[in-house]
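So this block is coords39.tsv, TSV, C-alpha atoms:
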chain	number	residue	atom	x	y	z
A	383	MET	CA	-7.54	-11.71	19.18
A	384	SER	CA	-8.43	-11.11	15.52
A	385	LYS	CA	-9.35	-7.54	14.51
A	386	ALA	CA	-9.21	-5.26	11.49
A	387	LEU	CA	-5.82	-3.65	10.88
A	388	LEU	CA	-5.30	-0.27	9.20
A	389	VAL	CA	-1.94	1.01	7.96
A	390	GLU	CA	-1.62	4.44	6.32
A	391	LEU	CA	1.50	6.25	5.13
A	392	TYR	CA	0.82	9.98	4.63
A	393	THR	CA	3.14	11.71	2.15
A	394	GLU	CA	3.72	14.63	-0.13
A	395	GLU	CA	2.19	14.31	-3.61
A	396	LEU	CA	3.03	10.95	-5.15
A	397	PRO	CA	3.81	10.48	-8.87
A	398	PRO	CA	0.38	10.12	-10.53
A	399	LYS	CA	1.28	7.63	-13.25
A	400	ALA	CA	2.65	5.21	-10.64
A	401	LEU	CA	0.03	5.73	-7.92
A	402	ARG	CA	-2.21	2.74	-8.59
A	403	LYS	CA	0.75	0.33	-8.73
A	404	LEU	CA	2.29	1.88	-5.61
A	405	GLY	CA	-0.97	1.41	-3.69
A	406	GLU	CA	-1.36	-2.21	-4.74
A	407	ALA	CA	2.31	-3.03	-4.05
A	408	PHE	CA	2.21	-1.33	-0.63
A	409	ALA	CA	-0.81	-3.42	0.39
A	410	SER	CA	0.30	-6.74	-1.09
A	411	GLY	CA	3.80	-6.38	0.38
A	412	ILE	CA	2.48	-5.88	3.91
A	413	ALA	CA	-0.03	-8.72	3.41
A	414	ALA	CA	2.72	-11.12	2.35
A	415	GLY	CA	4.84	-10.19	5.35
A	416	LEU	CA	1.99	-10.60	7.84
A	417	LYS	CA	1.04	-13.93	6.32
A	418	GLN	CA	4.61	-15.21	6.47
A	419	ARG	CA	4.79	-14.25	10.15
A	420	GLY	CA	1.53	-16.00	10.99
A	421	VAL	CA	-0.57	-13.00	12.09
A	422	LEU	CA	-2.79	-12.65	9.01
A	423	GLU	CA	-5.78	-14.78	10.02
A	424	ARG	CA	-7.32	-14.77	6.56
A	425	ASP	CA	-6.73	-13.14	3.19
A	426	GLY	CA	-8.83	-10.10	2.44
A	427	HIS	CA	-7.88	-6.44	2.37
A	428	THR	CA	-8.91	-3.10	0.87
A	429	VAL	CA	-6.38	-0.88	-0.90
A	430	PHE	CA	-6.47	2.92	-0.65
A	431	ALA	CA	-4.34	5.33	-2.68
A	432	THR	CA	-4.65	9.09	-3.12
A	433	PRO	CA	-2.12	11.71	-4.23
A	434	ARG	CA	-1.02	12.06	-0.59
A	435	ARG	CA	-1.41	8.63	0.97
A	436	LEU	CA	-0.96	4.89	0.62
A	437	ALA	CA	-3.11	2.76	2.91
A	438	VAL	CA	-4.52	-0.72	3.41
A	439	LEU	CA	-7.25	-2.16	5.64
A	440	PHE	CA	-6.99	-5.86	6.52
A	441	ASP	CA	-10.14	-7.75	7.52
A	442	ALA	CA	-8.70	-10.04	10.20
A	443	VAL	CA	-5.27	-9.87	11.83
A	444	LEU	CA	-4.17	-11.58	15.06
A	445	ASP	CA	-2.40	-9.71	17.85
A	446	LYS	CA	0.04	-12.62	18.09
A	447	GLY	CA	0.97	-15.28	15.58
A	448	LEU	CA	0.30	-18.93	16.25
A	449	ASP	CA	3.15	-21.12	17.46
A	450	GLN	CA	4.59	-23.07	14.54
A	451	PRO	CA	6.47	-26.41	14.42
A	452	VAL	CA	9.95	-26.00	12.98
A	453	GLU	CA	12.44	-28.63	11.81
A	454	GLN	CA	16.11	-27.73	11.58
A	455	LYS	CA	18.49	-30.00	9.71
A	456	LEU	CA	21.52	-30.91	11.85
A	457	MET	CA	23.75	-33.40	9.99
A	458	PRO	CA	23.82	-36.76	8.19
A	459	MET	CA	23.44	-39.86	10.35
A	460	ASP	CA	26.69	-41.18	8.83
A	461	VAL	CA	28.52	-38.31	10.54
A	462	VAL	CA	26.82	-38.95	13.88
A	463	ARG	CA	27.90	-42.63	13.76
A	464	LYS	CA	31.60	-41.75	13.43
A	465	PRO	CA	33.80	-41.78	16.57
A	466	ASN	CA	33.75	-38.00	16.85
A	467	GLY	CA	30.07	-37.83	15.74
A	468	PRO	CA	28.52	-37.31	19.19
A	469	ALA	CA	30.91	-34.42	19.88
A	470	ALA	CA	30.08	-32.86	16.51
A	471	LEU	CA	26.37	-33.21	17.25
A	472	GLU	CA	26.78	-31.60	20.68
A	473	LYS	CA	28.70	-28.68	19.14
A	474	LYS	CA	25.99	-28.14	16.56
A	475	LEU	CA	23.24	-28.22	19.20
A	476	ALA	CA	25.22	-25.92	21.51
A	477	ALA	CA	25.36	-23.31	18.74
A	478	MET	CA	21.55	-23.42	18.75
A	479	GLY	CA	21.38	-23.07	22.52
A	480	ARG	CA	20.38	-26.71	22.99
A	481	GLY	CA	23.64	-28.47	23.82
A	482	HIS	CA	21.95	-30.52	26.55
A	483	MET	CA	19.89	-32.31	23.89
A	484	ALA	CA	22.98	-34.28	22.72
A	485	ALA	CA	22.73	-36.57	25.75
A	486	LEU	CA	19.12	-37.37	24.78
A	487	PHE	CA	19.89	-38.49	21.21
A	488	PRO	CA	18.20	-40.24	19.44
A	489	ASP	CA	14.90	-40.97	21.22
A	490	GLY	CA	14.83	-38.48	24.10
A	491	ARG	CA	12.93	-35.21	24.12
A	492	ASP	CA	12.87	-32.02	26.16
A	493	GLY	CA	9.40	-30.49	26.18
A	494	SER	CA	8.53	-29.81	22.56
A	495	ASP	CA	12.11	-30.44	21.38
A	496	ALA	CA	12.75	-33.85	19.81
A	497	PHE	CA	14.95	-35.53	17.24
A	498	VAL	CA	13.62	-36.72	13.89
A	499	ILE	CA	15.57	-38.91	11.47
A	500	LYS	CA	14.52	-38.66	7.83
A	501	GLN	CA	15.51	-40.62	4.76
A	502	GLU	CA	16.54	-38.34	1.90
A	503	GLY	CA	17.54	-40.30	-1.18
A	504	LYS	CA	20.17	-42.81	-0.09
A	505	ALA	CA	21.15	-40.95	3.10
A	506	GLU	CA	19.57	-40.34	6.49
A	507	PHE	CA	19.64	-36.92	8.15
A	508	VAL	CA	19.07	-35.81	11.73
A	509	TYR	CA	16.64	-32.96	12.34
A	510	LEU	CA	15.76	-31.14	15.55
A	511	GLN	CA	12.03	-30.55	15.81
A	512	THR	CA	11.05	-27.50	17.88
A	513	ILE	CA	8.16	-25.08	18.32
A	514	ALA	CA	8.72	-21.48	17.21
A	515	LYS	CA	6.75	-18.99	19.29
A	516	GLY	CA	4.41	-16.80	17.26
A	517	GLN	CA	5.54	-13.23	16.63
A	518	THR	CA	3.73	-10.31	18.25
A	519	LEU	CA	1.84	-8.04	15.87
A	520	ASP	CA	3.96	-4.96	16.57
A	521	ARG	CA	7.14	-6.75	15.50
A	522	ALA	CA	5.49	-8.57	12.57
A	523	LEU	CA	3.92	-5.36	11.25
A	524	GLU	CA	7.06	-3.25	11.54
A	525	GLU	CA	9.14	-5.84	9.70
A	526	SER	CA	6.43	-6.33	7.04
A	527	LEU	CA	5.95	-2.58	6.56
A	528	ASN	CA	9.65	-1.90	6.09
A	529	GLU	CA	9.99	-4.84	3.70
A	530	SER	CA	7.04	-3.58	1.66
A	531	ILE	CA	8.47	-0.05	1.46
A	532	ASP	CA	11.87	-1.38	0.38
A	533	ARG	CA	10.26	-3.37	-2.46
A	534	LEU	CA	7.89	-0.72	-3.83
A	535	PRO	CA	8.14	-0.17	-7.60
A	536	ILE	CA	9.32	3.41	-7.14
A	537	PRO	CA	10.14	5.22	-10.42
A	538	LYS	CA	12.70	7.50	-8.75
A	539	VAL	CA	13.76	7.51	-5.08
A	540	MET	CA	14.21	10.75	-3.13
A	541	THR	CA	16.69	11.15	-0.30
A	542	TYR	CA	15.60	13.65	2.33
A	543	GLN	CA	16.58	14.71	5.82
A	544	LEU	CA	14.48	14.11	8.93
A	545	PRO	CA	13.67	16.92	11.42
A	546	ASP	CA	16.58	15.86	13.66
A	547	GLY	CA	18.89	17.40	11.06
A	548	VAL	CA	21.09	14.31	10.97
A	549	THR	CA	19.18	11.28	9.74
A	550	THR	CA	18.39	10.81	6.05
A	551	VAL	CA	15.91	8.36	4.57
A	552	LYS	CA	14.88	7.32	1.08
A	553	PHE	CA	11.36	7.15	-0.32
A	554	VAL	CA	9.45	8.21	-3.42
A	555	ARG	CA	8.31	11.43	-1.67
A	556	PRO	CA	8.83	12.80	1.86
A	557	ALA	CA	6.51	11.02	4.33
A	558	HIS	CA	4.93	13.01	7.15
A	559	GLY	CA	2.53	10.68	8.94
A	560	LEU	CA	1.94	7.04	9.85
A	561	VAL	CA	-1.21	5.36	11.15
A	562	ALA	CA	-1.35	1.79	12.44
A	563	LEU	CA	-4.55	0.71	14.18
A	564	HIS	CA	-5.48	-2.82	15.23
A	565	GLY	CA	-9.14	-2.44	16.07
A	566	ASP	CA	-9.05	0.64	18.32
A	567	LYS	CA	-5.46	0.10	19.52
A	568	VAL	CA	-2.43	1.95	18.11
A	569	ILE	CA	0.43	-0.33	17.08
A	570	LYS	CA	3.62	1.66	17.74
A	571	VAL	CA	5.58	0.70	14.65
A	572	ASN	CA	8.30	2.87	13.13
A	573	THR	CA	9.35	3.53	9.56
A	574	LEU	CA	10.99	6.39	7.62
A	575	GLY	CA	11.59	8.18	10.93
A	576	LEU	CA	7.88	8.12	11.80
A	577	THR	CA	6.12	6.52	14.77
A	578	ALA	CA	2.57	5.33	14.16
A	579	GLY	CA	-0.44	6.96	15.77
A	580	ARG	CA	-4.16	7.33	15.03
A	581	THR	CA	-4.18	10.75	13.31
A	582	THR	CA	-4.82	10.99	9.58
A	583	HIS	CA	-5.22	14.16	7.52
A	584	GLY	CA	-7.96	15.48	5.29
A	585	HIS	CA	-8.07	17.44	2.04
A	586	ARG	CA	-5.56	20.28	1.95
A	587	PHE	CA	-8.28	22.96	1.67
A	588	LEU	CA	-11.73	21.38	2.04
A	589	GLY	CA	-11.38	18.95	4.94
A	590	ASN	CA	-10.21	18.82	8.53
A	591	ALA	CA	-6.43	19.02	8.78
A	592	ASN	CA	-6.27	16.38	11.54
A	593	ILE	CA	-8.71	13.49	11.98
A	594	GLU	CA	-8.49	11.25	15.03
A	595	LEU	CA	-9.52	7.71	14.09
A	596	GLN	CA	-11.26	5.75	16.81
A	597	SER	CA	-10.81	2.40	15.09
A	598	ALA	CA	-9.35	0.87	11.95
A	599	THR	CA	-12.74	0.42	10.28
A	600	ASP	CA	-13.56	4.16	10.65
A	601	TYR	CA	-10.90	5.11	8.12
A	602	GLU	CA	-12.73	5.38	4.80
A	603	ALA	CA	-15.90	7.00	6.19
A	604	ALA	CA	-13.98	9.43	8.42
A	605	LEU	CA	-11.82	10.61	5.52
A	606	GLN	CA	-14.84	11.10	3.29
A	607	ASP	CA	-17.07	12.80	5.87
A	608	SER	CA	-14.55	14.89	7.81
A	609	GLY	CA	-11.62	15.01	5.42
A	610	LYS	CA	-13.30	15.46	2.04
A	611	VAL	CA	-11.10	12.68	0.67
A	612	VAL	CA	-12.31	9.72	-1.39
A	613	ALA	CA	-9.59	7.30	-0.33
A	614	GLY	CA	-10.25	4.37	-2.69
A	615	PHE	CA	-8.62	4.72	-6.12
A	616	ASP	CA	-11.30	2.70	-7.94
A	617	LYS	CA	-14.12	4.46	-6.09
A	618	ARG	CA	-12.67	7.86	-7.00
A	619	ARG	CA	-12.19	6.77	-10.61
A	620	ALA	CA	-15.80	5.61	-10.86
A	621	LEU	CA	-17.03	8.88	-9.36
A	622	ILE	CA	-15.07	10.92	-11.91
A	623	GLU	CA	-16.30	8.79	-14.81
A	624	THR	CA	-19.93	9.15	-13.72
A	625	GLN	CA	-19.57	12.93	-13.63
A	626	LEU	CA	-17.79	13.03	-17.00
A	627	GLN	CA	-20.45	10.95	-18.69
A	628	ALA	CA	-23.29	12.97	-17.16
A	629	GLN	CA	-21.87	16.31	-18.29
A	630	ALA	CA	-20.97	15.04	-21.74
A	631	LYS	CA	-24.52	13.74	-22.15
A	632	ALA	CA	-25.97	17.08	-21.03
A	633	LEU	CA	-23.94	18.77	-23.78
A	634	ASN	CA	-24.93	16.16	-26.42
A	635	ALA	CA	-21.27	15.27	-26.79
A	636	SER	CA	-19.00	12.25	-26.40
A	637	LEU	CA	-15.60	11.77	-24.76
A	638	GLY	CA	-13.76	9.48	-27.16
A	639	ASP	CA	-11.07	7.18	-25.73
A	640	TYR	CA	-10.19	8.62	-22.31
A	641	SER	CA	-9.28	5.62	-20.13
A	642	VAL	CA	-5.55	6.41	-19.80
A	643	LEU	CA	-6.24	10.04	-18.92
A	644	LEU	CA	-8.92	8.97	-16.44
A	645	ASP	CA	-6.40	6.85	-14.52
A	646	GLU	CA	-3.91	9.71	-14.38
A	647	VAL	CA	-6.45	12.32	-13.30
A	648	THR	CA	-7.76	9.95	-10.60
A	649	ALA	CA	-4.24	10.02	-9.16
A	650	LEU	CA	-4.19	13.84	-9.08
A	651	VAL	CA	-7.27	14.56	-6.96
A	652	GLU	CA	-8.73	13.54	-3.60
A	653	TRP	CA	-12.19	15.15	-3.90
A	654	PRO	CA	-13.00	15.17	-7.64
A	655	VAL	CA	-15.43	17.64	-9.20
A	656	VAL	CA	-15.98	17.94	-12.97
A	657	TYR	CA	-16.53	21.36	-14.57
A	658	THR	CA	-17.29	22.36	-18.16
A	659	ALA	CA	-14.98	24.86	-19.87
A	660	SER	CA	-14.43	26.10	-23.42
A	661	PHE	CA	-11.98	27.85	-25.72
A	662	ASP	CA	-12.40	30.30	-28.59
A	663	GLU	CA	-13.97	28.49	-31.54
A	664	ALA	CA	-11.42	30.11	-33.85
A	665	PHE	CA	-8.84	27.62	-32.55
A	666	LEU	CA	-10.81	24.80	-34.18
A	667	GLU	CA	-9.00	25.81	-37.38
A	668	VAL	CA	-5.94	24.08	-35.89
A	669	PRO	CA	-5.83	20.36	-36.80
A	670	GLN	CA	-7.87	18.65	-34.10
A	671	GLU	CA	-5.20	16.02	-33.48
A	672	CYS	CA	-2.85	18.76	-32.21
A	673	LEU	CA	-5.49	20.19	-29.90
A	674	ILE	CA	-6.51	16.78	-28.55
A	675	LEU	CA	-2.90	15.80	-27.88
A	676	THR	CA	-2.02	18.89	-25.89
A	677	MET	CA	-5.36	18.94	-24.03
A	678	ARG	CA	-5.01	15.35	-22.83
A	679	THR	CA	-1.24	15.09	-22.42
A	680	ASN	CA	-0.21	18.53	-21.16
A	681	GLN	CA	-3.32	19.97	-19.54
A	682	LYS	CA	-5.20	16.82	-18.44
A	683	TYR	CA	-8.43	18.07	-20.05
A	684	PHE	CA	-11.14	15.83	-21.53
A	685	PRO	CA	-12.00	17.05	-25.05
A	686	LEU	CA	-15.61	16.70	-26.21
A	687	PHE	CA	-16.75	15.52	-29.66
A	688	ASP	CA	-19.97	15.97	-31.63
A	689	SER	CA	-22.04	13.12	-33.07
A	690	ALA	CA	-19.79	12.98	-36.13
A	691	GLY	CA	-16.66	12.61	-33.99
A	692	LYS	CA	-15.48	16.16	-34.64
A	693	LEU	CA	-13.80	18.10	-31.84
A	694	THR	CA	-15.92	20.84	-30.25
A	695	HIS	CA	-14.75	23.98	-28.44
A	696	ARG	CA	-15.96	22.62	-25.10
A	697	PHE	CA	-14.02	20.34	-22.78
A	698	LEU	CA	-14.26	18.95	-19.26
A	699	ILE	CA	-11.82	19.44	-16.40
A	700	VAL	CA	-11.46	17.46	-13.19
A	701	SER	CA	-10.79	19.75	-10.25
A	702	ASN	CA	-9.69	18.94	-6.72
A	703	MET	CA	-11.85	21.80	-5.43
A	704	GLN	CA	-15.61	21.89	-4.89
A	705	VAL	CA	-16.72	25.53	-4.85
A	706	THR	CA	-20.06	27.31	-5.14
A	707	ASP	CA	-18.90	29.41	-8.09
A	708	PRO	CA	-16.16	27.71	-10.12
A	709	VAL	CA	-15.71	30.60	-12.54
A	710	HIS	CA	-12.10	31.25	-11.48
A	711	ILE	CA	-11.20	27.55	-11.81
A	712	ILE	CA	-12.83	27.37	-15.24
Turn the structure described in the file into structure tokens.
Amino acid sequence: MSKALLVELYTEELPPKALRKLGEAFASGIAAGLKQRGVLERDGHTVFATPRRLAVLFDAVLDKGLDQPVEQKLMPMDVVRKPNGPAALEKKLAAMGRGHMAALFPDGRDGSDAFVIKQEGKAEFVYLQTIAKGQTLDRALEESLNESIDRLPIPKVMTYQLPDGVTTVKFVRPAHGLVALHGDKVIKVNTLGLTAGRTTHGHRFLGNANIELQSATDYEAALQDSGKVVAGFDKRRALIETQLQAQAKALNASLGDYSVLLDEVTALVEWPVVYTASFDEAFLEVPQECLILTMRTNQKYFPLFDSAGKLTHRFLIVSNMQVTDPVHII
């Protein structure tokens, strides 16, 4: 039966400059594996990536792949016609667990198994046509998940020890949780020493520590409502940009070129809130290029400019904390 499929890998803080690519690669790698194994009913998925998670929600995934016709090349017909050809054919078939088929060559069949002779250039080749049973979702997902993790564009791999004190695994950051839900059913896949369940985790300070998901499609709303986490990278980016523009407008200021910094800051927060801060105006005597560089590169602040393009003493910060009185953050 076709249902939505959610996969989430919960980790320690991921490298911000690589987060968007990691999220996209995680999702596309699993999608490719599921499609290859015949359980992805149709293309269509949503990517989620926050500082502490990579996740993907597929629209329609089967619980078992469809049976697929398979043709396996055996040998040239010229070889079969030789005196020892039948024996060679039987040996080849026996290695495939179908030795009895040799007595049925060339026109006999056994259930779905049959011989096919194809012309390839100037030679003819014998193929065995069979039906490959569709993979179950648990096996297809575990293989696809591990393949995707192995192929992630990780800037630098960490090696860390699992709680058993013996096993070590490699990943970009230590992973602490795994969710795999097909509709409302947990798919018990394993990776990085983790076994999948239905528990995700909210914001470190603002949200519920543990959130039990009832179904795959609950993920985004449950994280936002109970976890205080905006899971979608693009959604979080748009939310930050809206707040930045609104506060800059309220101060009659502009933001200049901030797209690169916006991407990086989006990868640093799960519940973004923009606050206005300032520094002593005396520091405006320093060449503004120096101030802008260190504010954007080192401190991840958004400098503000007046109508003439001159740097002002005010700037905007993107916090991961929503508080009633942000004076201590500012």
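Minimum distance to A:Arg618 across A:Phe697, A:Phe587, A:Phe553, A:Phe430 (counting all atoms listed in the file) occurs at A:Phe430.
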Do a neighbour search on A:Ala496 at 12 Å with all atoms listed in the file, toss out local chain neighbours closer than 2 positions, and write the hits as a short mmCIF file (atom, residue, chain, number, x, y, z; two decimals) with C-alpha atoms, in the coordinates of the input.
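The file below, out03.cif, is the result:
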data_model
loop_
_atom_site.label_atom_id
_atom_site.label_comp_id
_atom_site.auth_asym_id
_atom_site.auth_seq_id
_atom_site.Cartn_x
_atom_site.Cartn_y
_atom_site.Cartn_z
CA PRO A 451 6.47 -26.41 14.42
CA VAL A 452 9.95 -26.00 12.98
CA GLU A 453 12.44 -28.63 11.81
CA GLN A 454 16.11 -27.73 11.58
CA LEU A 475 23.24 -28.22 19.20
CA ARG A 480 20.38 -26.71 22.99
CA HIS A 482 21.95 -30.52 26.55
CA MET A 483 19.89 -32.31 23.89
CA ALA A 484 22.98 -34.28 22.72
CA ALA A 485 22.73 -36.57 25.75
CA LEU A 486 19.12 -37.37 24.78
CA PHE A 487 19.89 -38.49 21.21
CA PRO A 488 18.20 -40.24 19.44
CA ASP A 489 14.90 -40.97 21.22
CA GLY A 490 14.83 -38.48 24.10
CA ARG A 491 12.93 -35.21 24.12
CA ASP A 492 12.87 -32.02 26.16
CA GLY A 493 9.40 -30.49 26.18
CA SER A 494 8.53 -29.81 22.56
CA VAL A 498 13.62 -36.72 13.89
CA ILE A 499 15.57 -38.91 11.47
CA VAL A 508 19.07 -35.81 11.73
CA TYR A 509 16.64 -32.96 12.34
CA LEU A 510 15.76 -31.14 15.55
CA GLN A 511 12.03 -30.55 15.81
CA THR A 512 11.05 -27.50 17.88
CA ILE A 513 8.16 -25.08 18.32
#
Review point. What separation in Å, quoted to one decimal, exists between atom CA of A:Ala409 and atom CA of A:Phe440?
Key: 9.0 Å
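Considering the residues A:Asp707, A:Asp445, A:Glu394, A:Asp495 and counting only C-alpha atoms, A:Ala514 has its shortest atom-to-atom contact with A:Asp495.
The shortest atom-to-atom distance to A:Leu401, with only C-alpha atoms taken into account, belongs to A:Val429 out of A:Ala632, A:Val429, A:Leu388, A:Leu439.
Here atom CA of A:Ile536 is placed at a distance of 17.7 Å from atom CA of A:Asp645.
Here the question is which of A:Val462, A:Ala690, A:Val571, A:Ala578 gets nearest to A:Gly638 using only C-alpha atoms, and that residue is A:Ala690.
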Review point. Which residues come within 9 Å of A:Leu391, counting all atoms listed in the file, excluding same-chain residues fewer than 3 positions away, as a VMD selection string?
Key: chain A and resid 434 to 437 557 to 561
Review point. Looking at only C-alpha atoms, which of A:His710, A:Arg521, A:Lys385, A:Lys682 is the one that sits closest to A:Leu698?
Key: A:Lys682
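Going from atom CA of A:Arg419 over to atom CA of A:Glu524, you cover 11.3 Å.
Distances from A:Gly589, A:Gly579, A:Pro654, A:Gly447 to A:Gly609 were compared using all atoms listed in the file, and the smallest one belongs to A:Gly589.
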Exercise for review: Tell me which protein, DNA and RNA residues are within 10 Å of A:Asp532, counting all atoms listed in the file, leaving out same-chain ones fewer than 6 positions away, and put them as a count of residues only.
Suggested key: 5
Practice item. Counting all atoms listed in the file, find the residues whose atoms lie at most 12 Å from (-1.1, -9.9, 5.4) (file coordinates) and write them out as number ranges by chain. Key: A: 386-389, 408-428, 438-444, 447, 519, 522-523, 525-527, 530
Exercise for review: Could you give me, as JSON, numbers by chain, the residues within 12 Å of A:Glu652, counting only C-alpha atoms and dropping anything in the same chain fewer than 2 positions from it?
Suggested key: {"A": [395, 398, 430, 431, 432, 433, 434, 435, 583, 584, 585, 586, 587, 588, 589, 605, 606, 609, 610, 611, 612, 613, 614, 615, 616, 617, 618, 619, 621, 622, 647, 648, 649, 650, 654, 655, 700, 701, 702, 703, 704]}
Practice item. Within 12 Å of A:Thr658, counting all atoms listed in the file, which residues show up once you throw out same-chain ones fewer than 4 positions away? Write them as number ranges by chain, please. Key: A: 625-633, 635, 683-686, 695-701, 708-709, 711-712
